[in-house]
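J.: Handing over final-v7.cif, mmCIF, C-alpha atoms.
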```cif
data_model
loop_
_atom_site.label_atom_id
_atom_site.label_comp_id
_atom_site.auth_asym_id
_atom_site.auth_seq_id
_atom_site.Cartn_x
_atom_site.Cartn_y
_atom_site.Cartn_z
CA MET A 299 0.00 0.00 0.00
CA GLY A 300 2.88 2.34 0.72
CA TYR A 301 4.26 1.73 -2.76
CA ILE A 302 0.99 2.77 -4.43
CA ILE A 303 0.85 6.05 -2.49
CA ALA A 304 4.48 6.85 -3.27
CA ALA A 305 4.06 6.03 -6.97
CA LEU A 306 0.91 8.18 -7.26
CA SER A 307 2.61 11.10 -5.58
CA ILE A 308 5.67 10.82 -7.84
CA VAL A 309 3.45 10.74 -10.96
CA CYS A 310 1.61 13.90 -9.87
CA ILE A 311 4.79 15.81 -9.06
CA ILE A 312 6.49 14.87 -12.34
CA GLY A 313 3.36 15.98 -14.23
CA GLY A 314 3.49 19.30 -12.41
CA LEU A 315 7.18 19.73 -13.23
CA PHE A 316 6.49 19.04 -16.92
CA PHE A 317 3.82 21.77 -17.06
CA PHE A 318 6.12 24.22 -15.26
CA THR A 319 8.82 23.61 -17.89
CA THR A 320 6.50 24.15 -20.84
CA ALA A 321 5.07 27.31 -19.26
CA THR A 322 8.57 28.72 -18.77
CA ILE A 323 9.57 27.94 -22.36
CA GLY A 324 6.40 29.67 -23.51
CA LEU A 325 7.17 32.72 -21.39
CA LEU A 326 10.57 33.03 -23.03
CA ARG A 327 9.69 32.34 -26.66
CA PHE A 328 6.26 33.78 -27.39
CA PRO A 329 6.23 36.98 -29.45
CA ASP A 330 3.90 39.29 -27.52
CA PHE A 331 2.81 40.24 -24.00
CA PHE A 332 -0.71 38.79 -24.28
CA THR A 333 0.51 35.46 -25.62
CA ARG A 334 3.02 35.24 -22.77
CA LEU A 335 0.16 35.83 -20.34
CA HIS A 336 -1.62 32.82 -21.85
CA ALA A 337 1.42 30.65 -21.18
CA THR A 338 2.10 31.69 -17.63
CA GLY A 339 -1.50 32.13 -16.52
CA LYS A 340 -2.79 28.72 -17.50
CA GLY A 341 0.34 26.57 -17.33
CA ASP A 342 1.49 27.77 -13.93
CA THR A 343 -1.94 27.31 -12.34
CA LEU A 344 -2.32 23.70 -13.42
CA ALA A 345 1.29 22.90 -12.54
CA VAL A 346 0.97 24.30 -9.01
CA PHE A 347 -2.28 22.40 -8.47
CA LEU A 348 -0.74 19.07 -9.54
CA CYS A 349 2.42 19.59 -7.47
CA LEU A 350 0.46 20.44 -4.32
CA ILE A 351 -1.87 17.43 -4.79
CA GLY A 352 1.24 15.25 -5.09
CA PHE A 353 2.61 16.64 -1.80
CA ALA A 354 -0.73 16.12 -0.08
CA ILE A 355 -1.00 12.47 -1.20
CA HIS A 356 2.48 11.84 0.17
CA GLU A 357 1.47 13.08 3.62
CA GLY A 358 -1.53 10.81 4.07
CA LEU A 359 -4.62 11.75 6.09
CA SER A 360 -3.54 14.45 8.55
CA LEU A 361 -3.89 18.16 9.33
CA THR A 362 -0.92 19.02 7.11
CA ALA A 363 -2.56 17.49 4.04
CA LEU A 364 -5.74 19.51 4.70
CA LYS A 365 -3.71 22.74 4.82
CA ILE A 366 -1.97 21.86 1.55
CA VAL A 367 -5.37 21.27 -0.09
CA PHE A 368 -6.48 24.73 1.13
CA ILE A 369 -3.43 26.34 -0.48
CA ALA A 370 -4.15 24.46 -3.73
CA VAL A 371 -7.78 25.64 -3.87
CA PHE A 372 -6.70 29.22 -3.12
CA MET A 373 -4.10 29.21 -5.91
CA PHE A 374 -6.63 27.70 -8.31
CA LEU A 375 -9.02 30.59 -7.71
CA ALA A 376 -6.59 33.49 -7.28
CA GLN A 377 -4.06 33.02 -10.09
CA PRO A 378 -6.57 33.40 -12.98
CA THR A 379 -7.99 36.49 -11.31
CA ALA A 380 -4.56 38.10 -11.16
CA THR A 381 -3.98 37.25 -14.84
CA HIS A 382 -7.33 38.83 -15.69
CA ALA A 383 -6.41 42.01 -13.80
CA ILE A 384 -3.04 42.33 -15.55
CA SER A 385 -4.52 41.80 -19.01
CA ARG A 386 -7.22 44.44 -18.39
CA ALA A 387 -4.52 46.87 -17.34
CA GLY A 388 -2.59 46.08 -20.52
CA ILE A 389 -5.61 46.73 -22.77
CA ARG A 390 -6.48 50.00 -21.00
CA HIS A 391 -2.91 51.20 -21.16
CA GLY A 392 -2.94 50.91 -24.93
CA LEU A 393 -0.95 47.81 -25.82
CA LYS A 394 -1.90 46.32 -29.16
CA PRO A 395 -2.10 42.52 -29.75
CA TRP A 396 0.40 40.94 -32.12
CA VAL A 397 -0.86 40.12 -35.60
CA LYS A 398 0.84 37.37 -37.59
CA GLY A 399 3.01 38.66 -40.38
CA GLU A 400 3.81 42.14 -39.07
CA GLU A 401 7.08 43.35 -37.61
CA GLN A 402 7.36 43.40 -33.81
CA MET B 201 -5.38 57.76 -7.47
CA ILE B 202 -7.57 54.72 -6.99
CA VAL B 203 -10.89 54.91 -8.80
CA LYS B 204 -13.79 52.57 -8.34
CA SER B 205 -13.24 49.35 -10.24
CA ASP B 206 -15.97 48.51 -12.74
CA ASP B 207 -14.95 44.89 -13.02
CA ILE B 208 -17.25 42.38 -11.41
CA ILE B 209 -14.85 39.43 -11.39
CA ILE B 210 -12.20 41.07 -9.21
CA LYS B 211 -14.75 42.54 -6.82
CA THR B 212 -16.48 39.19 -6.31
CA ILE B 213 -13.25 37.27 -5.76
CA ALA B 214 -12.03 39.88 -3.25
CA ARG B 215 -15.31 39.71 -1.36
CA ILE B 216 -15.12 35.90 -1.20
CA PHE B 217 -11.52 35.79 -0.01
CA VAL B 218 -11.37 38.54 2.63
CA PRO B 219 -13.10 36.59 5.50
CA PHE B 220 -10.77 33.62 5.00
CA ILE B 221 -7.72 35.87 4.94
CA GLN B 222 -8.78 37.46 8.22
CA LEU B 223 -9.44 34.07 9.81
CA TYR B 224 -5.97 32.95 8.78
CA ALA B 225 -4.47 36.12 10.28
CA LEU B 226 -6.14 35.32 13.63
CA TYR B 227 -4.65 31.82 13.43
CA VAL B 228 -1.18 33.32 12.89
CA ILE B 229 -1.62 35.61 15.94
CA MET B 230 -2.77 32.78 18.20
CA HIS B 231 0.00 30.34 17.28
CA GLY B 232 2.87 32.77 17.74
CA HIS B 233 4.58 30.69 20.40
CA TYR B 234 4.83 27.51 18.31
CA SER B 235 5.12 28.37 14.61
CA PRO B 236 6.35 31.49 12.81
CA GLY B 237 3.98 34.32 13.57
CA GLY B 238 2.94 36.41 16.52
CA GLY B 239 1.36 39.80 16.90
CA PHE B 240 3.09 41.87 14.25
CA GLN B 241 2.88 39.35 11.42
CA GLY B 242 -0.82 38.69 12.00
CA GLY B 243 -1.48 42.42 12.10
CA VAL B 244 0.24 42.89 8.75
CA ILE B 245 -1.93 40.20 7.15
CA LEU B 246 -5.07 41.81 8.58
CA GLY B 247 -3.98 45.19 7.19
CA ALA B 248 -3.29 43.60 3.81
CA SER B 249 -6.84 42.24 3.68
CA LEU B 250 -8.23 45.74 4.27
CA ALA B 251 -5.89 47.11 1.61
CA LEU B 252 -7.26 44.53 -0.84
CA LEU B 253 -10.77 45.79 -0.16
CA LEU B 254 -9.62 49.38 -0.68
CA ILE B 255 -7.98 48.58 -4.01
CA THR B 256 -10.98 46.81 -5.47
CA HIS B 257 -13.85 48.87 -4.13
CA GLY B 258 -12.61 52.46 -4.21
CA TYR B 259 -12.58 55.27 -1.71
CA ASP B 260 -16.22 56.17 -1.12
CA GLU B 261 -17.44 52.71 -0.19
CA MET B 262 -14.50 52.09 2.14
CA ARG B 263 -15.00 55.43 3.87
CA ARG B 264 -18.62 54.51 4.37
CA ARG B 265 -17.72 51.14 5.91
CA ILE B 266 -14.68 52.13 7.96
CA PRO B 267 -14.58 55.87 8.77
CA GLU B 268 -11.32 57.44 9.81
CA GLY B 269 -12.47 57.90 13.40
CA VAL B 270 -13.05 54.17 13.80
CA VAL B 271 -9.56 53.44 12.49
CA ILE B 272 -7.93 55.71 15.08
CA LEU B 273 -10.12 54.19 17.81
CA LEU B 274 -8.99 50.67 16.86
CA GLY B 275 -5.35 51.70 16.99
CA SER B 276 -5.72 53.26 20.41
CA MET B 277 -7.65 50.24 21.72
CA GLY B 278 -4.71 47.98 20.95
CA VAL B 279 -2.31 50.16 22.94
CA LEU B 280 -4.87 50.28 25.77
CA ILE B 281 -4.97 46.47 25.97
CA TYR B 282 -1.17 46.26 26.08
CA ALA B 283 -0.67 48.94 28.75
CA GLY B 284 -3.75 47.81 30.64
CA ILE B 285 -2.40 44.29 31.16
CA GLY B 286 0.93 45.74 32.30
CA LEU B 287 -0.74 48.08 34.79
CA THR B 288 -2.95 45.27 36.13
CA CYS B 289 0.17 43.26 36.93
CA LEU B 290 1.62 46.36 38.65
CA LEU B 291 -1.50 46.93 40.74
CA LEU B 292 -1.56 43.28 41.88
CA GLY B 293 1.84 43.59 43.53
CA GLY B 294 4.51 42.60 40.99
CA ASN B 295 6.67 44.38 38.41
CA TYR B 296 5.28 46.15 35.32
CA LEU B 297 4.72 43.24 32.90
CA ASP B 298 5.03 40.40 35.39
CA TYR B 299 2.28 38.09 34.13
CA GLY B 300 2.66 35.68 37.05
CA GLN B 301 0.63 38.02 39.26
CA LEU B 302 -2.43 37.52 37.01
CA SER B 303 -2.96 34.11 38.61
CA VAL B 304 -4.67 35.94 41.50
CA ILE B 305 -7.49 37.12 39.24
CA LEU B 306 -7.78 34.15 36.90
CA HIS B 307 -7.43 31.36 39.53
CA VAL B 308 -4.85 29.34 37.58
CA ASP B 309 -1.22 28.49 38.37
CA PRO B 310 1.43 31.10 37.44
CA ALA B 311 2.82 29.28 34.38
CA HIS B 312 -0.64 29.17 32.77
CA ALA B 313 -1.18 32.84 33.69
CA ARG B 314 2.05 33.84 31.90
CA SER B 315 0.90 32.10 28.72
CA LEU B 316 -2.48 33.86 28.81
CA GLY B 317 -0.82 37.22 29.49
CA ILE B 318 1.40 36.96 26.44
CA LEU B 319 -1.61 35.98 24.31
CA GLY B 320 -3.50 39.09 25.41
CA VAL B 321 -0.54 41.33 24.64
CA GLU B 322 -0.17 39.85 21.15
CA LEU B 323 -3.85 40.54 20.43
CA GLY B 324 -3.36 44.19 21.35
CA VAL B 325 -0.33 44.48 19.07
CA GLY B 326 -2.29 42.87 16.21
CA PHE B 327 -5.14 45.39 16.43
CA THR B 328 -2.82 48.37 16.46
CA VAL B 329 -0.73 47.15 13.52
CA MET B 330 -3.87 46.49 11.44
CA ALA B 331 -5.27 49.98 12.04
CA ILE B 332 -2.01 51.79 11.36
CA MET B 333 -1.24 49.80 8.19
CA TYR B 334 -4.66 50.63 6.75
CA SER B 335 -4.34 54.29 7.73
CA ILE B 336 -0.88 54.63 6.18
CA PHE B 337 -2.02 53.00 2.94
CA PHE B 338 -5.09 55.24 2.74
CA ASP B 339 -3.21 58.47 3.41
CA ILE B 340 -0.32 57.75 1.03
CA SER B 341 -2.61 56.82 -1.85
CA THR B 342 -4.71 59.97 -1.56
CA GLY B 343 -1.87 62.36 -0.79
CA GLY B 344 -3.97 64.06 1.84
CA ILE B 345 -6.51 65.38 -0.64
CA LEU B 346 -9.77 63.59 -1.33
CA PRO B 347 -10.78 63.20 -4.98
CA GLY B 348 -13.60 65.53 -5.92
CA SER B 349 -13.18 68.06 -3.12
CA GLY B 350 -10.58 70.52 -2.02
CA LYS B 351 -10.57 69.44 1.61
CA ARG B 352 -7.79 67.66 3.42
CA THR B 353 -8.27 64.29 5.11
CA ASP B 354 -6.85 65.20 8.52
CA GLU B 355 -10.06 66.58 9.99
CA TRP B 356 -11.02 63.96 12.53
CA GLY B 357 -14.61 62.81 12.45
CA ASP B 358 -15.66 65.16 9.66
CA ASN B 359 -16.53 63.26 6.49
CA GLY B 360 -16.40 66.03 3.91
CA MET C 62 12.08 9.75 -1.43
CA ASN C 63 14.12 12.58 0.05
CA GLU C 64 16.53 12.71 -2.90
CA PHE C 65 13.59 12.97 -5.30
CA PHE C 66 12.29 16.07 -3.50
CA VAL C 67 15.74 17.67 -3.52
CA ALA C 68 15.96 17.06 -7.29
CA VAL C 69 12.54 18.70 -7.77
CA GLY C 70 13.71 21.70 -5.76
CA LEU C 71 16.86 22.07 -7.84
CA GLY C 72 14.80 21.87 -11.04
CA MET C 73 12.58 24.67 -9.75
CA CYS C 74 15.62 26.83 -8.99
CA LEU C 75 16.81 26.36 -12.57
CA LEU C 76 13.39 27.43 -13.91
CA VAL C 77 13.49 30.55 -11.72
CA PHE C 78 16.84 31.51 -13.27
CA LEU C 79 15.33 31.08 -16.74
CA VAL C 80 12.39 33.35 -15.94
CA LEU C 81 14.79 36.01 -14.59
CA TYR C 82 15.75 36.69 -18.22
CA ARG C 83 12.26 38.02 -18.86
CA VAL C 84 12.40 40.15 -15.70
CA ILE C 85 15.63 41.85 -16.80
CA PHE C 86 15.10 42.18 -20.54
CA GLY C 87 11.33 42.35 -20.90
CA PRO C 88 10.43 45.39 -22.97
CA GLY C 89 8.14 47.47 -20.80
CA VAL C 90 6.78 47.00 -17.30
CA PHE C 91 3.92 44.57 -17.99
CA ASN C 92 6.23 41.73 -19.00
CA ARG C 93 8.16 42.22 -15.78
CA ILE C 94 5.06 42.02 -13.59
CA ALA C 95 3.87 38.81 -15.26
CA ALA C 96 7.32 37.26 -14.80
CA ILE C 97 7.46 38.22 -11.12
CA SER C 98 4.10 36.59 -10.54
CA ALA C 99 5.46 33.42 -12.15
CA ILE C 100 8.56 33.53 -9.92
CA GLY C 101 6.33 33.81 -6.87
CA THR C 102 4.41 30.70 -7.89
CA LYS C 103 7.61 28.69 -8.23
CA THR C 104 8.93 29.97 -4.88
CA LEU C 105 5.89 28.42 -3.20
CA ILE C 106 6.98 24.91 -4.29
CA ILE C 107 10.61 25.56 -3.32
CA LEU C 108 9.48 26.49 0.21
CA LEU C 109 7.59 23.20 0.61
CA VAL C 110 10.61 21.24 -0.62
CA LEU C 111 12.73 23.03 2.01
CA GLY C 112 10.20 21.92 4.59
CA TYR C 113 10.81 18.29 3.61
CA VAL C 114 14.58 18.73 3.73
CA TYR C 115 14.51 20.10 7.31
CA ASN C 116 11.79 17.60 8.34
CA ARG C 117 9.44 20.32 9.65
CA VAL C 118 6.69 20.51 7.06
CA ASP C 119 4.07 21.99 9.38
CA MET C 120 6.16 25.12 9.96
CA PHE C 121 6.87 25.81 6.29
CA ILE C 122 3.26 25.42 5.19
CA ASP C 123 2.23 28.56 7.08
CA ILE C 124 5.02 30.54 5.45
CA SER C 125 4.08 29.36 1.94
CA MET C 126 0.40 30.21 2.51
CA VAL C 127 1.32 33.77 3.48
CA TYR C 128 3.55 34.03 0.40
CA ALA C 129 0.72 32.95 -1.91
CA LEU C 130 -1.53 35.63 -0.33
CA LEU C 131 1.04 38.40 -0.71
CA ASN C 132 1.79 37.43 -4.32
CA PHE C 133 -1.90 37.71 -5.22
CA ILE C 134 -2.42 41.05 -3.47
CA GLY C 135 0.76 42.55 -4.93
CA CYS C 136 -0.16 41.54 -8.48
CA ILE C 137 -3.61 43.12 -8.23
CA ALA C 138 -2.21 46.30 -6.66
CA ALA C 139 0.39 46.69 -9.44
CA ALA C 140 -2.23 46.13 -12.14
CA LYS C 141 -4.52 48.73 -10.56
CA TYR C 142 -1.74 51.29 -10.47
CA LEU C 143 -0.73 50.81 -14.11
CA GLU C 144 -4.25 51.13 -15.50
CA MET C 145 -4.02 54.79 -16.37
CA GLU C 146 -4.25 56.00 -19.94
CA ARG C 147 -0.97 56.44 -21.79
#
```
For this file, write the structure as structure tokens.
T.:
Amino acid sequence: MGYIIAALSIVCIIGGLFFFTTATIGLLRFPDFFTRLHATGKGDTLAVFLCLIGFAIHEGLSLTALKIVFIAVFMFLAQPTATHAISRAGIRHGLKPWVKGEEQ
Amino acid sequence: MIVKSDDIIIKTIARIFVPFIQLYALYVIMHGHYSPGGGFQGGVILGASLALLLITHGYDEMRRRIPEGVVILLGSMGVLIYAGIGLTCLLLGGNYLDYGQLSVILHVDPAHARSLGILGVELGVGFTVMAIMYSIFFDISTGGILPGSGKRTDEWGDNG
Amino acid sequence: MNEFFVAVGLGMCLLVFLVLYRVIFGPGVFNRIAAISAIGTKTLIILLVLGYVYNRVDMFIDISMVYALLNFIGCIAAAKYLEMER
């Protein structure tokens, strides 16, 4: 039984690490501010959720696992709201989205 | 200059989260002797929750909910709790902040009375830090001048 | 299991160094704020890994919860300040 819990937790954490890597590569290589917000807003949220669920499964049923689940739910609700606020500020400030085929 | 936000998503999320943030700040104040925390850290988190409300809802609504007089009263109440506990220990026959003397009033042994005395002092510190953090944030963001009127904000109790 | 967590923590540190490129060279201030929010999210996981290394997870969970809160509030405050017309 201990092996199943450890294997499940390792699978979740490696999945989270994979999504973190792709989100970082997207943040570095995308051509415009709004596209970079897509990468970091969605990829980072899912990656943090998977990593925290992996940590919580490793702990078992205790008070610590309940606190980790609270942090995961908070991040799942708060990170998209922050991305929404930043993108609204970008639109109001006057940034234009990138159109394919034009010079940066 | 902070104007009223016309975005319903951010206002709703802030209204959902603020009670939980304040409950967590009370947890940090209470568990200061065992995990990282204490009076000052919990007070900063409480002040940050009020600052979040100020950012998302604008000046007029926050001045309607928490007037400036109430903020100053909360800050003074925290100092009163702190000094009041110290003076009670002095009146009961010990030194200024000697919590062991509180066992006469509370009918517990002196070690338990010291723990309760420190808890009371931390609560006072938390209230004062919350009030002053909110007041500093409010005054710096307005610059002393309210939007829409030529009056200054340092007239106590007079909502112009 | 301990070595696996240390390897995850080192991988996160490497990703933080990669995102620092966007903080330094991002044209304009909006790119920098998005990158700092991403760094804050990765720091949360590094703090939990440190909790496993020192074998005191229950202490480091409170610290990481406070850091998630402050990251969220700081991002919204910065976005509110920058919303003015050009």
J.: Based on all atoms listed in the file, which of the residues in chain A come within 7 Å of chain C? I want them as a VMD selection string.
T.: chain A and resid 322 326 331 335 338 362 369 376 380 383 to 384 387 390 to 392
J.: Using only C-alpha atoms, find the residues of chain B whose closest atom to chain C is at most 12 Å away, then write them as an NGL selection string.
T.: :B and (201-207 or 210-211 or 213-214 or 217-218 or 220-222 or 224-225 or 227-229 or 231-237 or 241-242 or 244-258 or 337 or 341)
J.: Run through the PyMOL selection byres ((chain B and resi 293-298) around 10) on the given coordinates and return the selected residues as a list in words.
T.: Tyr282, Ala283, Gly284, Ile285, Gly286, Leu287, Thr288, Cys289, Leu290, Leu291, Leu292, Tyr299, Gly300, Gln301, Leu302, Ala313, Arg314, Gly317, Ile318 and Val321 of chain B
J.: Could you jot down the CA of Asp339 (chain B) to CA of Gly275 (chain B) separation for me, Å, one decimal place?
T.: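 Answer for the CA of Asp339 (chain B) to CA of Gly275 (chain B) separation: 15.3 Å.
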J.: Neighbours of Pro329 (chain A) within 12 Å (only C-alpha atoms; same-chain residues fewer than 5 positions away dropped), as a PDB file with C-alpha atoms, in the coordinates of the input?
T.:
```
ATOM      1  CA  ILE A 323       9.570  27.940 -22.360  1.00  0.00           C
ATOM      2  CA  GLY A 324       6.400  29.670 -23.510  1.00  0.00           C
ATOM      3  CA  ARG A 334       3.020  35.240 -22.770  1.00  0.00           C
ATOM      4  CA  LEU A 335       0.160  35.830 -20.340  1.00  0.00           C
ATOM      5  CA  HIS A 336      -1.620  32.820 -21.850  1.00  0.00           C
ATOM      6  CA  ALA A 337       1.420  30.650 -21.180  1.00  0.00           C
ATOM      7  CA  PRO A 395      -2.100  42.520 -29.750  1.00  0.00           C
ATOM      8  CA  TRP A 396       0.400  40.940 -32.120  1.00  0.00           C
ATOM      9  CA  VAL A 397      -0.860  40.120 -35.600  1.00  0.00           C
ATOM     10  CA  LYS A 398       0.840  37.370 -37.590  1.00  0.00           C
ATOM     11  CA  GLY A 399       3.010  38.660 -40.380  1.00  0.00           C
ATOM     12  CA  GLU A 400       3.810  42.140 -39.070  1.00  0.00           C
ATOM     13  CA  GLU A 401       7.080  43.350 -37.610  1.00  0.00           C
ATOM     14  CA  GLN A 402       7.360  43.400 -33.810  1.00  0.00           C
TER      15      GLN A 402
ATOM     16  CA  GLY C  87      11.330  42.350 -20.900  1.00  0.00           C
ATOM     17  CA  PRO C  88      10.430  45.390 -22.970  1.00  0.00           C
ATOM     18  CA  ASN C  92       6.230  41.730 -19.000  1.00  0.00           C
TER      19      ASN C  92
END
```
J.: Please measure the separation of CA of Gly278 (chain B) and CA of Ile332 (chain B), giving the value in Å to one decimal.
T.: 10.7 Å
J.: Could you jot down the CA of Val114 (chain C) to CA of Thr319 (chain A) separation for me, Å, one decimal place?
T.: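 Between CA of Val114 (chain C) and CA of Thr319 (chain A) the gap is 22.9 Å.
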J.: Dump as number ranges by chain all residues having an atom at most 10 Å from (-0.1, 15.3, -2.6), computed in the file's coordinates with only C-alpha atoms.
T.: A: 303-304, 306-308, 310-311, 347-358, 363, 366-367
J.: Considering all atoms listed in the file, can you say which of A:Leu375, A:Val346, A:Ile302, A:Leu359 comes closest to Thr104 (chain C)?
T.: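 Distance minimum relative to Thr104 (chain C) lands on A:Val346.
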J.: Using the file's own x, y and z axes, what box holds all listed atoms of region 321-330 of chain B with 6 Å on each side, keeping edges along x, y and z, and what are its centre and edge lengths in Å to one decimal, as AutoDock Vina command-line options?
T.:
```
--center_x -2.7 --center_y 44.1 --center_z 18.0 --size_x 17.0 --size_y 20.5 --size_z 25.2
```
